[in-house]
Amino acid sequence: MLGEHAILEAEKQGATCGICKGKLEYNEHKQALVVKCKTEDRKLLKEYLLRIKDMAIADGYVGFAFMRG
């Protein structure tokens, strides 16, 4: 994963995001918190996400993305 400095320098050289195809600058992108799920128990997952929601918002995340595993 590249840090902010590396991404900004790459943008100066013409690099673009593979998802937005260069429509957004680095500072316009939003970040989601990736959660690797080890349970199929939706109730347990919901309880966990509600417990960490305020911390995620305080850290600047706009939502959650999920990985199974």
# chains A, B, ... in the order shown; residues from 1 in each chain; ligands from 1

call {"tool": "residues_around", "arguments": {"residues": "range 37-42 of chain A", "least_positions_apart": "4", "cutoff": "9 Å", "atoms": "only C-alpha atoms", "output": "PyMOL selection string"}}
result
chain A and resi 46-47+66-69

call {"tool": "select_by_dssp", "arguments": {"residues": "chain A", "states": "strand (DSSP E or B)", "output": "list in words"}}
result
Gln31, Ala32, Leu33, Val34, Val35, Lys36, Cys37, Tyr61, Val62, Gly63, Phe64, Ala65, Phe66, Met67 and Arg68 of chain A

call {"tool": "closest_residue", "arguments": {"among": "A:Ala6, A:Val35, A:Lys30, A:Lys43", "to": "Val62 in chain A", "atoms": "only C-alpha atoms"}}
result
A:Lys30

call {"tool": "closest_residue", "arguments": {"among": "A:Leu50, A:Ala65, A:Cys17, A:Ala32", "to": "Leu2 in chain A", "atoms": "only C-alpha atoms"}}
result
A:Cys17

call {"tool": "select_by_dssp", "arguments": {"residues": "chain A", "states": "helix (DSSP H, G or I)", "output": "PyMOL selection string"}}
result
chain A and resi 4-12+26-28+42-58

call {"tool": "residues_around", "arguments": {"residues": "Tyr26 in chain A", "least_positions_apart": "5", "cutoff": "9 Å", "atoms": "only C-alpha atoms", "output": "NGL selection string"}}
result
:A and (4 or 7-8 or 11 or 17)

call {"tool": "write_last_selection", "arguments": {"atoms": "N, CA and C atoms", "output": "PDB file, in the first residue's frame"}}
result
ATOM      1  N   GLU A   4       0.596   8.509   1.399  1.00  0.00           N
ATOM      2  CA  GLU A   4       0.116   9.750   0.777  1.00  0.00           C
ATOM      3  C   GLU A   4       1.193  10.409  -0.080  1.00  0.00           C
ATOM      4  N   ILE A   7       1.760   8.593  -3.399  1.00  0.00           N
ATOM      5  CA  ILE A   7       0.626   8.757  -4.312  1.00  0.00           C
ATOM      6  C   ILE A   7       0.630  10.149  -4.936  1.00  0.00           C
ATOM      7  N   LEU A   8       0.865  11.170  -4.118  1.00  0.00           N
ATOM      8  CA  LEU A   8       0.896  12.540  -4.649  1.00  0.00           C
ATOM      9  C   LEU A   8       2.015  12.711  -5.665  1.00  0.00           C
ATOM     10  N   GLU A  11       0.952  10.997  -8.880  1.00  0.00           N
ATOM     11  CA  GLU A  11      -0.032  11.809  -9.608  1.00  0.00           C
ATOM     12  C   GLU A  11       0.644  12.908 -10.417  1.00  0.00           C
ATOM     13  N   CYS A  17      -5.831   6.831 -10.372  1.00  0.00           N
ATOM     14  CA  CYS A  17      -6.491   5.764  -9.621  1.00  0.00           C
ATOM     15  C   CYS A  17      -7.140   4.800 -10.613  1.00  0.00           C
TER      16      CYS A  17
END

call {"tool": "atom_distance", "arguments": {"atom1": "CA of Gly60 in chain A", "atom2": "CA of Glu9 in chain A"}}
result
22.6 Å

call {"tool": "decode", "arguments": {"residues": "range 18-51 of chain A", "atoms": "C-alpha atoms", "output": "mmCIF file, in the first residue's frame"}}
result
data_model
loop_
_atom_site.group_PDB
_atom_site.id
_atom_site.type_symbol
_atom_site.label_atom_id
_atom_site.label_comp_id
_atom_site.auth_asym_id
_atom_site.auth_seq_id
_atom_site.Cartn_x
_atom_site.Cartn_y
_atom_site.Cartn_z
ATOM 1 C CA GLY A 18 -7.583 2.513 -11.241
ATOM 2 C CA ILE A 19 -11.068 2.833 -9.780
ATOM 3 C CA CYS A 20 -12.043 6.451 -10.475
ATOM 4 C CA LYS A 21 -9.789 6.646 -13.576
ATOM 5 C CA GLY A 22 -8.366 10.001 -12.502
ATOM 6 C CA LYS A 23 -11.691 11.766 -11.949
ATOM 7 C CA LEU A 24 -10.750 12.462 -8.317
ATOM 8 C CA GLU A 25 -7.545 13.832 -6.862
ATOM 9 C CA TYR A 26 -5.971 12.027 -3.907
ATOM 10 C CA ASN A 27 -7.542 14.305 -1.281
ATOM 11 C CA GLU A 28 -11.022 13.790 -2.792
ATOM 12 C CA HIS A 29 -10.982 10.013 -2.212
ATOM 13 C CA LYS A 30 -12.754 8.562 0.816
ATOM 14 C CA GLN A 31 -11.474 5.673 2.915
ATOM 15 C CA ALA A 32 -13.394 2.673 4.180
ATOM 16 C CA LEU A 33 -12.226 0.444 6.995
ATOM 17 C CA VAL A 34 -11.631 -3.111 5.768
ATOM 18 C CA VAL A 35 -13.007 -5.772 8.089
ATOM 19 C CA LYS A 36 -11.975 -9.409 7.611
ATOM 20 C CA CYS A 37 -14.942 -11.502 8.710
ATOM 21 C CA LYS A 38 -14.252 -14.818 10.399
ATOM 22 C CA THR A 39 -17.858 -15.386 11.346
ATOM 23 C CA GLU A 40 -21.108 -15.927 9.501
ATOM 24 C CA ASP A 41 -23.016 -14.686 12.580
ATOM 25 C CA ARG A 42 -24.608 -11.448 11.367
ATOM 26 C CA LYS A 43 -25.748 -10.463 14.859
ATOM 27 C CA LEU A 44 -22.214 -10.761 16.223
ATOM 28 C CA LEU A 45 -20.822 -8.787 13.269
ATOM 29 C CA LYS A 46 -23.414 -6.025 13.724
ATOM 30 C CA GLU A 47 -22.594 -5.754 17.448
ATOM 31 C CA TYR A 48 -18.881 -5.512 16.667
ATOM 32 C CA LEU A 49 -19.359 -2.839 13.988
ATOM 33 C CA LEU A 50 -21.572 -0.769 16.263
ATOM 34 C CA ARG A 51 -18.888 -0.951 18.986
#
